[in-house]
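A.B. asks: To start, I am sharing the structure in question, which I have written as structure tokens.
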Amino acid sequence: MKNYNRRGLMTGIVQIFLSVFCLITMIVTSFDVKLAILGIIIAILGITSVINSFSKEAARKELIDNEDERSQLVEMKAKAKTLDIVSNFLFFATAAVMIAYGVTKNQVFVYMVLCTGAALSVCWISHIVTYFYYESKN
């Protein structure tokens with residue numbers, strides 16, 4: 001059998017290992033319905049992915065779906081919107097924690113400002129760097 005989709009094969013193998021890990025966890029601990037259902041779903045997805053990796057038609061369809069311009073546009077828009085949401089959340093969280101520190105003078109809020117501010121700085125700096133990178137490409 002010829003493998004037409006290496007990434008699909010590797011994904012399937014990892015999913016099968018995760019389902020085996022769920023089974024082992026259920027054996028070591030007690031039986032859990034949620035873990036059993038999760039293990040079954042992951043096993044089915046893994047087996048399906050392994051089977052599809054050996055199918056020429058499925059590999060061709062996945063390649064076409066991955067290279068479709070509409071899918072790429074949707075993915076780019078989703079990533080841009082995600083960055084906007086995370087940046088806005090971190091900005092308001094940093095501002096709220098700064099206000100909370102100003103009101104209570106509790107030192108815990110200083111560490112929270114440092115964490116949220118550092119994450120916000122990483123978001124903004126990465127946005128600036130990628131903006132100038134792609135502007136230089138055009």
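Chain labels A, B, ... are given in the sequence in which chains occur in the structure tokens; within each chain residues are numbered consecutively from 1, and ligands are likewise numbered from 1 in the order shown.
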Which residues are close to A:Met1, i.e. within 12 Å by only C-alpha atoms, leaving aside same-chain residues fewer than 5 positions away? Reply as a PyMOL selection string.
C.D. replies: chain A and resi 50-56
A.B. asks: If we count only C-alpha atoms and set the cut-off at 9 Å, which residues sit around stretch 14-24 of chain A, ignoring sequence neighbours fewer than 2 positions away in its own chain? Please answer as number ranges by chain.
C.D. replies: A: 9-12, 26-29, 35-36, 38-47, 49
A.B. asks: If I take atom CA of A:Val122 and atom CA of A:Ile99, how far is one from the other in Å, to one decimal?
C.D. replies: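 Result for atom CA of A:Val122 versus atom CA of A:Ile99: 21.8 Å, one decimal.
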